[in-house]
file model-v2.pdb (PDB, C-alpha atoms, pLDDT in the B column)
MODEL        1
ATOM      1  CA  GLY A   1      10.062  -0.960  16.996  1.00 83.00           C
ATOM      2  CA  TRP A   2       6.241  -1.151  17.171  1.00 85.00           C
ATOM      3  CA  CYS A   3       3.185   0.724  15.927  1.00 86.00           C
ATOM      4  CA  ARG A   4      -0.570   0.282  15.910  1.00 92.00           C
ATOM      5  CA  TYR A   5      -2.486   0.127  12.649  1.00 87.00           C
ATOM      6  CA  ARG A   6      -6.259  -0.480  12.598  1.00 91.00           C
ATOM      7  CA  GLY A   7      -6.035  -2.300  15.915  1.00 92.00           C
ATOM      8  CA  LEU A   8      -3.037  -4.454  14.964  1.00 95.00           C
ATOM      9  CA  GLU A   9       0.303  -4.160  16.731  1.00 95.00           C
ATOM     10  CA  LEU A  10       2.968  -4.319  14.024  1.00 96.00           C
ATOM     11  CA  ALA A  11       6.721  -4.703  14.282  1.00 93.00           C
ATOM     12  CA  ILE A  12       8.506  -2.027  12.249  1.00 90.00           C
ATOM     13  CA  ASP A  13      12.099  -0.948  11.794  1.00 87.00           C
ATOM     14  CA  HIS A  14      14.415   0.757   9.293  1.00 81.00           C
ATOM     15  CA  ARG A  15      13.400  -1.783   6.580  1.00 83.00           C
ATOM     16  CA  VAL A  16       9.818  -0.511   6.202  1.00 84.00           C
ATOM     17  CA  LEU A  17       7.688   2.615   6.239  1.00 72.00           C
ATOM     18  CA  ILE A  18       5.763   3.465   9.360  1.00 79.00           C
ATOM     19  CA  PRO A  19       2.135   2.667   8.424  1.00 80.00           C
ATOM     20  CA  PHE A  20      -0.245   5.586   8.909  1.00 75.00           C
ATOM     21  CA  GLU A  21      -3.998   5.484   9.385  1.00 77.00           C
ATOM     22  CA  ASP A  22      -4.472   7.586   6.222  1.00 74.00           C
ATOM     23  CA  THR A  23      -4.160   4.365   4.190  1.00 73.00           C
ATOM     24  CA  GLY A  24      -7.399   3.181   5.814  1.00 80.00           C
ATOM     25  CA  PRO A  25      -9.506   3.874   2.704  1.00 85.00           C
ATOM     26  CA  LEU A  26      -7.485   1.185   0.893  1.00 88.00           C
ATOM     27  CA  VAL A  27      -8.419  -1.375   3.547  1.00 92.00           C
ATOM     28  CA  GLU A  28     -12.034  -0.240   3.424  1.00 91.00           C
ATOM     29  CA  LEU A  29     -12.194  -0.889  -0.339  1.00 90.00           C
ATOM     30  CA  ALA A  30     -11.558  -4.574   0.387  1.00 95.00           C
ATOM     31  CA  LEU A  31     -14.106  -4.808   3.193  1.00 95.00           C
ATOM     32  CA  GLY A  32     -17.013  -4.510   0.756  1.00 93.00           C
ATOM     33  CA  LEU A  33     -15.923  -7.409  -1.465  1.00 96.00           C
ATOM     34  CA  PRO A  34     -17.904 -10.647  -1.742  1.00 97.00           C
ATOM     35  CA  ARG A  35     -16.907 -13.627   0.401  1.00 97.00           C
ATOM     36  CA  GLY A  36     -13.814 -15.448  -0.912  1.00 97.00           C
ATOM     37  CA  SER A  37     -12.553 -12.549  -3.033  1.00 97.00           C
ATOM     38  CA  ARG A  38      -8.824 -12.332  -3.769  1.00 97.00           C
ATOM     39  CA  VAL A  39      -7.008  -9.190  -2.625  1.00 97.00           C
ATOM     40  CA  HIS A  40      -3.361  -8.350  -3.319  1.00 95.00           C
ATOM     41  CA  ASP A  41      -1.329  -5.571  -1.673  1.00 94.00           C
ATOM     42  CA  THR A  42       1.519  -4.367  -3.913  1.00 89.00           C
ATOM     43  CA  GLY A  43       4.322  -2.530  -2.108  1.00 88.00           C
ATOM     44  CA  THR A  44       3.218  -4.152   1.144  1.00 93.00           C
ATOM     45  CA  GLY A  45       6.170  -3.068   3.310  1.00 89.00           C
ATOM     46  CA  SER A  46       5.374  -4.178   6.874  1.00 93.00           C
ATOM     47  CA  GLY A  47       2.243  -5.922   5.589  1.00 95.00           C
ATOM     48  CA  ALA A  48      -0.004  -3.415   7.388  1.00 94.00           C
ATOM     49  CA  ILE A  49      -2.688  -3.094   4.698  1.00 94.00           C
ATOM     50  CA  ALA A  50      -2.787  -6.800   3.771  1.00 97.00           C
ATOM     51  CA  LEU A  51      -2.817  -7.893   7.417  1.00 98.00           C
ATOM     52  CA  ALA A  52      -5.552  -5.402   8.323  1.00 97.00           C
ATOM     53  CA  VAL A  53      -7.701  -6.668   5.432  1.00 97.00           C
ATOM     54  CA  LYS A  54      -7.251 -10.267   6.600  1.00 98.00           C
ATOM     55  CA  ALA A  55      -7.878  -9.386  10.262  1.00 97.00           C
ATOM     56  CA  GLU A  56     -11.092  -7.556   9.386  1.00 97.00           C
ATOM     57  CA  ARG A  57     -12.287 -10.020   6.713  1.00 97.00           C
ATOM     58  CA  SER A  58     -10.902 -13.496   7.418  1.00 97.00           C
ATOM     59  CA  ASP A  59     -12.967 -14.928   4.542  1.00 98.00           C
ATOM     60  CA  LEU A  60     -10.899 -13.067   1.921  1.00 98.00           C
ATOM     61  CA  ILE A  61      -7.819 -14.569   0.256  1.00 98.00           C
ATOM     62  CA  VAL A  62      -5.088 -11.989   0.859  1.00 98.00           C
ATOM     63  CA  SER A  63      -1.534 -11.734  -0.449  1.00 97.00           C
ATOM     64  CA  GLY A  64       1.141  -9.068  -0.561  1.00 97.00           C
ATOM     65  CA  SER A  65       4.354  -8.318  -2.419  1.00 93.00           C
ATOM     66  CA  ASP A  66       7.204  -5.862  -2.234  1.00 92.00           C
ATOM     67  CA  ILE A  67      10.367  -5.176  -4.221  1.00 87.00           C
ATOM     68  CA  SER A  68      12.374  -5.359  -0.972  1.00 91.00           C
ATOM     69  CA  PRO A  69      13.283  -8.779   0.476  1.00 96.00           C
ATOM     70  CA  ALA A  70      13.954  -7.023   3.803  1.00 93.00           C
ATOM     71  CA  ALA A  71      10.421  -5.581   3.863  1.00 93.00           C
ATOM     72  CA  ILE A  72       8.938  -9.006   3.063  1.00 97.00           C
ATOM     73  CA  ALA A  73      10.825 -10.446   6.037  1.00 97.00           C
ATOM     74  CA  VAL A  74       9.116  -7.863   8.283  1.00 95.00           C
ATOM     75  CA  ALA A  75       5.686  -8.586   6.756  1.00 97.00           C
ATOM     76  CA  GLU A  76       6.133 -12.352   7.225  1.00 98.00           C
ATOM     77  CA  GLU A  77       7.220 -11.823  10.836  1.00 97.00           C
ATOM     78  CA  ASN A  78       4.093  -9.737  11.468  1.00 98.00           C
ATOM     79  CA  ALA A  79       1.823 -12.339   9.840  1.00 98.00           C
ATOM     80  CA  ARG A  80       3.320 -15.165  11.935  1.00 98.00           C
ATOM     81  CA  ARG A  81       3.089 -13.228  15.171  1.00 97.00           C
ATOM     82  CA  LEU A  82      -0.506 -12.141  14.466  1.00 98.00           C
ATOM     83  CA  ARG A  83      -1.444 -15.626  13.181  1.00 98.00           C
ATOM     84  CA  LEU A  84      -2.920 -14.202   9.990  1.00 98.00           C
ATOM     85  CA  ASP A  85      -2.862 -16.308   6.826  1.00 97.00           C
ATOM     86  CA  VAL A  86      -1.411 -13.866   4.288  1.00 98.00           C
ATOM     87  CA  ALA A  87       1.087 -15.019   1.651  1.00 97.00           C
ATOM     88  CA  PHE A  88       3.941 -12.573   1.020  1.00 97.00           C
ATOM     89  CA  ALA A  89       6.478 -12.632  -1.833  1.00 96.00           C
ATOM     90  CA  VAL A  90       9.274 -10.509  -3.257  1.00 96.00           C
ATOM     91  CA  HIS A  91       8.051  -9.053  -6.555  1.00 90.00           C
ATOM     92  CA  ASP A  92       8.345  -5.818  -8.522  1.00 85.00           C
ATOM     93  CA  GLY A  93       4.923  -4.720  -9.758  1.00 80.00           C
ATOM     94  CA  VAL A  94       1.878  -6.968  -9.843  1.00 85.00           C
ATOM     95  CA  PRO A  95       2.657 -10.695  -9.607  1.00 86.00           C
ATOM     96  CA  ASP A  96       0.953 -13.249 -11.807  1.00 86.00           C
ATOM     97  CA  GLY A  97      -2.359 -14.387 -10.420  1.00 88.00           C
ATOM     98  CA  SER A  98      -6.048 -13.741 -10.451  1.00 91.00           C
ATOM     99  CA  PHE A  99      -7.184 -10.897  -8.178  1.00 95.00           C
ATOM    100  CA  ASP A 100     -10.484  -9.164  -7.530  1.00 95.00           C
ATOM    101  CA  LEU A 101      -8.777  -6.102  -6.051  1.00 94.00           C
ATOM    102  CA  ILE A 102      -5.181  -4.879  -6.027  1.00 91.00           C
ATOM    103  CA  LEU A 103      -4.222  -2.309  -3.391  1.00 93.00           C
ATOM    104  CA  ALA A 104      -1.077  -0.190  -3.475  1.00 87.00           C
ATOM    105  CA  ASN A 105       0.506   2.426  -1.247  1.00 84.00           C
ATOM    106  CA  LEU A 106       3.556   2.911  -3.441  1.00 77.00           C
ATOM    107  CA  PRO A 107       6.298   5.548  -3.233  1.00 57.00           C
ATOM    108  CA  TYR A 108       4.771   8.793  -4.486  1.00 52.00           C
ATOM    109  CA  GLN A 109       6.983  11.583  -3.168  1.00 59.00           C
ATOM    110  CA  GLY A 110       8.873  13.499  -5.835  1.00 56.00           C
ATOM    111  CA  GLU A 111      12.651  13.290  -5.413  1.00 62.00           C
ATOM    112  CA  SER A 112      13.440  16.751  -6.700  1.00 60.00           C
ATOM    113  CA  THR A 113      10.516  18.882  -5.577  1.00 52.00           C
ATOM    114  CA  GLU A 114       9.100  17.537  -2.322  1.00 50.00           C
ATOM    115  CA  VAL A 115      12.157  16.408  -0.329  1.00 51.00           C
ATOM    116  CA  VAL A 116      12.618  19.754   1.425  1.00 53.00           C
ATOM    117  CA  SER A 117       9.010  19.789   2.645  1.00 58.00           C
ATOM    118  CA  LEU A 118       9.048  16.274   4.119  1.00 52.00           C
ATOM    119  CA  PRO A 119       9.464  15.810   7.860  1.00 54.00           C
ATOM    120  CA  PRO A 120      12.870  14.474   9.004  1.00 53.00           C
ATOM    121  CA  GLU A 121      11.301  11.232  10.259  1.00 52.00           C
ATOM    122  CA  THR A 122      10.351  10.457   6.660  1.00 51.00           C
ATOM    123  CA  THR A 123      13.628  11.330   4.987  1.00 52.00           C
ATOM    124  CA  ASN A 124      16.039  10.227   7.726  1.00 51.00           C
ATOM    125  CA  TYR A 125      14.535   7.022   9.110  1.00 50.00           C
ATOM    126  CA  GLN A 126      12.484   5.342   6.408  1.00 54.00           C
ATOM    127  CA  PRO A 127      13.794   3.469   3.349  1.00 49.00           C
ATOM    128  CA  HIS A 128      14.052   5.882   0.421  1.00 49.00           C
ATOM    129  CA  VAL A 129      12.961   3.146  -2.002  1.00 50.00           C
ATOM    130  CA  ALA A 130       9.600   3.161  -0.177  1.00 49.00           C
ATOM    131  CA  VAL A 131       9.226   6.951  -0.140  1.00 50.00           C
ATOM    132  CA  PHE A 132      10.437   8.409  -3.450  1.00 53.00           C
ATOM    133  CA  GLY A 133       8.721   7.589  -6.737  1.00 44.00           C
ATOM    134  CA  GLY A 134      11.009   9.398  -9.184  1.00 51.00           C
ATOM    135  CA  PRO A 135      11.422  13.069 -10.070  1.00 53.00           C
ATOM    136  CA  ASP A 136       7.678  13.804 -10.092  1.00 61.00           C
ATOM    137  CA  GLY A 137       6.716  10.980  -7.723  1.00 59.00           C
ATOM    138  CA  LEU A 138       4.679   9.176 -10.386  1.00 69.00           C
ATOM    139  CA  GLY A 139       7.280   6.763 -11.817  1.00 65.00           C
ATOM    140  CA  VAL A 140       6.460   3.789  -9.589  1.00 69.00           C
ATOM    141  CA  ILE A 141       2.711   4.397  -9.874  1.00 77.00           C
ATOM    142  CA  LYS A 142       2.957   4.488 -13.704  1.00 77.00           C
ATOM    143  CA  ARG A 143       4.821   1.158 -13.751  1.00 80.00           C
ATOM    144  CA  PHE A 144       2.258  -0.327 -11.366  1.00 78.00           C
ATOM    145  CA  VAL A 145      -0.707   0.761 -13.500  1.00 76.00           C
ATOM    146  CA  GLN A 146       0.985  -0.583 -16.647  1.00 78.00           C
ATOM    147  CA  SER A 147       1.616  -3.956 -14.983  1.00 77.00           C
ATOM    148  CA  ALA A 148      -1.862  -4.328 -13.471  1.00 79.00           C
ATOM    149  CA  PRO A 149      -4.054  -6.803 -15.353  1.00 81.00           C
ATOM    150  CA  ARG A 150      -6.667  -5.063 -17.464  1.00 80.00           C
ATOM    151  CA  GLY A 151     -10.127  -5.065 -15.924  1.00 81.00           C
ATOM    152  CA  VAL A 152      -8.978  -5.622 -12.332  1.00 83.00           C
ATOM    153  CA  ARG A 153     -10.049  -3.042  -9.788  1.00 87.00           C
ATOM    154  CA  VAL A 154      -7.116  -1.216  -8.137  1.00 83.00           C
ATOM    155  CA  GLY A 155      -6.873   1.147  -5.177  1.00 84.00           C
ATOM    156  CA  LEU A 156      -3.887   3.531  -5.025  1.00 83.00           C
ATOM    157  CA  GLN A 157      -2.677   5.935  -2.350  1.00 77.00           C
ATOM    158  CA  HIS A 158      -1.039   9.064  -3.797  1.00 73.00           C
ATOM    159  CA  ALA A 159      -0.340  12.704  -3.067  1.00 69.00           C
ATOM    160  CA  PRO A 160      -3.306  15.071  -3.417  1.00 70.00           C
ATOM    161  CA  SER A 161      -1.414  17.018  -6.094  1.00 68.00           C
ATOM    162  CA  GLN A 162      -1.242  13.821  -8.200  1.00 70.00           C
ATOM    163  CA  ALA A 163      -4.991  13.145  -8.330  1.00 71.00           C
ATOM    164  CA  TYR A 164      -5.538  14.315 -11.923  1.00 75.00           C
ATOM    165  CA  ALA A 165      -2.450  12.530 -13.251  1.00 73.00           C
ATOM    166  CA  VAL A 166      -3.364   9.265 -11.487  1.00 70.00           C
ATOM    167  CA  ARG A 167      -6.993   9.415 -12.645  1.00 76.00           C
ATOM    168  CA  ALA A 168      -5.751   9.894 -16.227  1.00 74.00           C
ATOM    169  CA  MET A 169      -3.826   6.595 -15.949  1.00 74.00           C
ATOM    170  CA  LEU A 170      -6.901   4.605 -14.864  1.00 74.00           C
ATOM    171  CA  ASP A 171     -10.119   3.589 -16.603  1.00 70.00           C
ATOM    172  CA  GLU A 172     -13.304   4.724 -14.822  1.00 67.00           C
ATOM    173  CA  ALA A 173     -11.275   6.332 -12.021  1.00 65.00           C
ATOM    174  CA  HIS A 174     -12.711   7.742  -8.808  1.00 65.00           C
ATOM    175  CA  THR A 175     -10.794   9.753  -6.240  1.00 61.00           C
ATOM    176  CA  LEU A 176     -11.406  10.103  -2.533  1.00 63.00           C
ATOM    177  CA  ASP A 177     -10.136  13.513  -1.458  1.00 54.00           C
ATOM    178  CA  ARG A 178      -9.690  14.516   2.157  1.00 49.00           C
ATOM    179  CA  VAL A 179      -7.575  17.235   3.689  1.00 38.00           C
ATOM    180  CA  ASP A 180      -4.608  14.953   4.338  1.00 44.00           C
ATOM    181  CA  GLU A 181      -5.126  11.924   2.119  1.00 46.00           C
ATOM    182  CA  THR A 182      -5.943  10.946  -1.403  1.00 51.00           C
ATOM    183  CA  ALA A 183      -6.719   7.533  -2.840  1.00 52.00           C
ATOM    184  CA  SER A 184      -7.887   6.631  -6.322  1.00 51.00           C
ATOM    185  CA  TRP A 185      -9.517   3.459  -7.530  1.00 51.00           C
TER     186      TRP A 185
ENDMDL
END

call {"tool": "encode", "arguments": {"input": "model-v2.pdb", "output": "structure tokens"}}
result
Amino acid sequence: GWCRYRGLELAIDHRVLIPFEDTGPLVELALGLPRGSRVHDTGTGSGAIALAVKAERSDLIVSGSDISPAAIAVAEENARRLRLDVAFAVHDGVPDGSFDLILANLPYQGESTEVVSLPPETTNYQPHVAVFGGPDGLGVIKRFVQSAPRGVRVGLQHAPSQAYAVRAMLDEAHTLDRVDETASW
């Protein structure tokens, strides 16, 4: 029913992933932007990343989108309750608009190879559309990168084993590697 993410208390349920602190580097990418920058969170789910960006940098223009109308309903509920001005919309990929940074914690688990190693709370209680990114886990990320406007900075959460493949999809890519998290931008 509830979880804490970067100091925010978020409503969650079967419609969205449970947000984990390991997505923090995505939020931190936005914190260094100039005043008034436009940030979009693709695959927003509960709105955790977008709402945290707005809560920590109220001067930024923040939006979020998700393929799931049910997830957007949760994100909008969280924004209203927290009184954070973040616009959410149902959209597959990157919506039209002008952005300075696009963040994404998209499904990156492989359907055929990694299911057996995932904890039951991931496979039994979270929406599969938000967890599994195709046979190798890269299908949704590939579509995202292809739909992102050229020249816009992006930040992506992915599995550590996908770092080389994700960097190969991006121009001038950098990867943050930690024991339990990986993000590329």

call {"tool": "residues_around", "arguments": {"input": "model-v2.pdb", "residues": "Ala75 in chain A", "least_positions_apart": "6", "cutoff": "7 Å", "atoms": "all atoms listed in the file", "output": "list of chain:residue names"}}
result
A:Gly45, A:Ser46, A:Gly47

call {"tool": "closest_residue", "arguments": {"input": "model-v2.pdb", "among": "A:Leu8, A:Ala163, A:Ala50, A:Leu106", "to": "Leu29 in chain A", "atoms": "only C-alpha atoms"}}
result
A:Ala50

call {"tool": "resolve_selection", "arguments": {"input": "model-v2.pdb", "expression": "the PyMOL selection byres ((chain A and resi 31-36) around 12)", "output": "ChimeraX atom specification"}}
result
/A:24-30,37-39,49-50,52-62,99-102,153

call {"tool": "resolve_selection", "arguments": {"input": "model-v2.pdb", "expression": "the PyMOL selection byres ((chain A and resi 77) around 12)", "output": "ChimeraX atom specification"}}
result
/A:9-13,45-48,51,70-76,78-88

call {"tool": "atom_distance", "arguments": {"input": "model-v2.pdb", "atom1": "CA of Ser147 in chain A", "atom2": "CA of Ser63 in chain A"}}
result
16.8 Å

call {"tool": "atom_distance", "arguments": {"input": "model-v2.pdb", "atom1": "CA of Lys142 in chain A", "atom2": "CA of Pro69 in chain A"}}
result
22.0 Å

call {"tool": "resolve_selection", "arguments": {"input": "model-v2.pdb", "expression": "the PyMOL selection byres ((chain A and resi 44) around 6)", "output": "PyMOL selection string"}}
result
chain A and resi 41-43+45+47+64-66

call {"tool": "write_last_selection", "arguments": {"input": "model-v2.pdb", "atoms": "C-alpha atoms", "output": "PDB file, in the frame of the given file"}}
result
ATOM      1  CA  ASP A  41      -1.329  -5.571  -1.673  1.00 94.00           C
ATOM      2  CA  THR A  42       1.519  -4.367  -3.913  1.00 89.00           C
ATOM      3  CA  GLY A  43       4.322  -2.530  -2.108  1.00 88.00           C
ATOM      4  CA  GLY A  45       6.170  -3.068   3.310  1.00 89.00           C
ATOM      5  CA  GLY A  47       2.243  -5.922   5.589  1.00 95.00           C
ATOM      6  CA  GLY A  64       1.141  -9.068  -0.561  1.00 97.00           C
ATOM      7  CA  SER A  65       4.354  -8.318  -2.419  1.00 93.00           C
ATOM      8  CA  ASP A  66       7.204  -5.862  -2.234  1.00 92.00           C
TER       9      ASP A  66
END

call {"tool": "atom_distance", "arguments": {"input": "model-v2.pdb", "atom1": "CA of Gly151 in chain A", "atom2": "CA of Arg6 in chain A"}}
result
29.1 Å

call {"tool": "axis_aligned_box", "arguments": {"input": "model-v2.pdb", "around": "range 72-76 of chain A", "padding_each_side": "4 Å", "output": "lines of an AutoDock Vina configuration file"}}
result
center_x = 8.3
center_y = -10.1
center_z = 5.7
size_x = 13.1
size_y = 12.5
size_z = 13.2

call {"tool": "closest_residue", "arguments": {"input": "model-v2.pdb", "among": "A:Cys3, A:Val145, A:Glu21, A:Arg150", "to": "Ala168 in chain A", "atoms": "only C-alpha atoms"}}
result
A:Val145

call {"tool": "residues_around", "arguments": {"input": "model-v2.pdb", "residues": "Met169 in chain A", "least_positions_apart": "2", "cutoff": "9 Å", "atoms": "all atoms listed in the file", "output": "short mmCIF file (atom, residue, chain, number, x, y, z; two decimals) with C-alpha atoms, in the coordinates of the input"}}
result
data_model
loop_
_atom_site.label_atom_id
_atom_site.label_comp_id
_atom_site.auth_asym_id
_atom_site.auth_seq_id
_atom_site.Cartn_x
_atom_site.Cartn_y
_atom_site.Cartn_z
CA LYS A 142 2.96 4.49 -13.70
CA VAL A 145 -0.71 0.76 -13.50
CA GLN A 146 0.98 -0.58 -16.65
CA TYR A 164 -5.54 14.32 -11.92
CA ALA A 165 -2.45 12.53 -13.25
CA VAL A 166 -3.36 9.26 -11.49
CA ARG A 167 -6.99 9.41 -12.64
CA ASP A 171 -10.12 3.59 -16.60
CA ALA A 173 -11.28 6.33 -12.02
#

call {"tool": "decode", "arguments": {"input": "model-v2.pdb", "residues": "range 69-79 of chain A", "atoms": "all heavy atoms", "output": "CSV table (one decimal), in the first residue's frame"}}
result
chain,number,residue,atom,x,y,z
A,69,PRO,N,-2.2,2.8,-18.5
A,69,PRO,CA,-3.2,3.8,-17.9
A,69,PRO,C,-3.4,3.6,-16.4
A,69,PRO,O,-3.5,4.6,-15.6
A,69,PRO,CB,-4.5,3.5,-18.6
A,69,PRO,CG,-4.1,2.9,-19.9
A,69,PRO,CD,-2.9,2.1,-19.6
A,70,ALA,N,-3.3,2.4,-15.9
A,70,ALA,CA,-3.4,2.1,-14.5
A,70,ALA,C,-2.3,2.7,-13.7
A,70,ALA,O,-2.5,3.2,-12.6
A,70,ALA,CB,-3.5,0.6,-14.3
A,71,ALA,N,-1.1,2.6,-14.2
A,71,ALA,CA,0.1,3.1,-13.6
A,71,ALA,C,0.0,4.7,-13.5
A,71,ALA,O,0.3,5.3,-12.5
A,71,ALA,CB,1.4,2.7,-14.3
A,72,ILE,N,-0.5,5.3,-14.6
A,72,ILE,CA,-0.6,6.7,-14.6
A,72,ILE,C,-1.6,7.2,-13.6
A,72,ILE,O,-1.4,8.2,-12.9
A,72,ILE,CB,-1.0,7.2,-16.1
A,72,ILE,CG1,0.2,7.0,-17.0
A,72,ILE,CG2,-1.5,8.7,-16.0
A,72,ILE,CD1,1.4,7.8,-16.6
A,73,ALA,N,-2.7,6.4,-13.4
A,73,ALA,CA,-3.6,6.7,-12.3
A,73,ALA,C,-3.0,6.8,-11.0
A,73,ALA,O,-3.2,7.7,-10.1
A,73,ALA,CB,-4.8,5.7,-12.3
A,74,VAL,N,-2.1,5.8,-10.7
A,74,VAL,CA,-1.3,5.8,-9.4
A,74,VAL,C,-0.4,7.0,-9.3
A,74,VAL,O,-0.4,7.7,-8.3
A,74,VAL,CB,-0.5,4.5,-9.3
A,74,VAL,CG1,0.4,4.6,-8.0
A,74,VAL,CG2,-1.4,3.3,-9.2
A,75,ALA,N,0.3,7.3,-10.4
A,75,ALA,CA,1.2,8.5,-10.4
A,75,ALA,C,0.5,9.8,-10.2
A,75,ALA,O,0.9,10.7,-9.4
A,75,ALA,CB,2.0,8.6,-11.7
A,76,GLU,N,-0.7,10.0,-10.8
A,76,GLU,CA,-1.5,11.2,-10.7
A,76,GLU,C,-2.0,11.3,-9.2
A,76,GLU,O,-2.0,12.4,-8.6
A,76,GLU,CB,-2.6,11.2,-11.7
A,76,GLU,CG,-2.2,11.4,-13.1
A,76,GLU,CD,-3.3,11.3,-14.1
A,76,GLU,OE1,-4.3,10.6,-13.9
A,76,GLU,OE2,-3.1,11.9,-15.2
A,77,GLU,N,-2.4,10.2,-8.7
A,77,GLU,CA,-2.9,10.2,-7.3
A,77,GLU,C,-1.7,10.6,-6.3
A,77,GLU,O,-1.9,11.4,-5.4
A,77,GLU,CB,-3.3,8.7,-6.9
A,77,GLU,CG,-3.7,8.6,-5.4
A,77,GLU,CD,-3.9,7.1,-5.0
A,77,GLU,OE1,-4.5,6.4,-5.9
A,77,GLU,OE2,-3.6,6.8,-3.9
A,78,ASN,N,-0.5,10.1,-6.6
A,78,ASN,CA,0.6,10.5,-5.7
A,78,ASN,C,0.9,12.0,-5.9
A,78,ASN,O,1.2,12.6,-4.9
A,78,ASN,CB,1.8,9.6,-6.1
A,78,ASN,CG,1.8,8.3,-5.5
A,78,ASN,OD1,1.3,8.1,-4.3
A,78,ASN,ND2,2.2,7.2,-6.2
A,79,ALA,N,0.9,12.5,-7.1
A,79,ALA,CA,1.2,13.9,-7.4
A,79,ALA,C,0.2,14.8,-6.6
A,79,ALA,O,0.5,15.8,-6.0
A,79,ALA,CB,1.2,14.2,-8.9
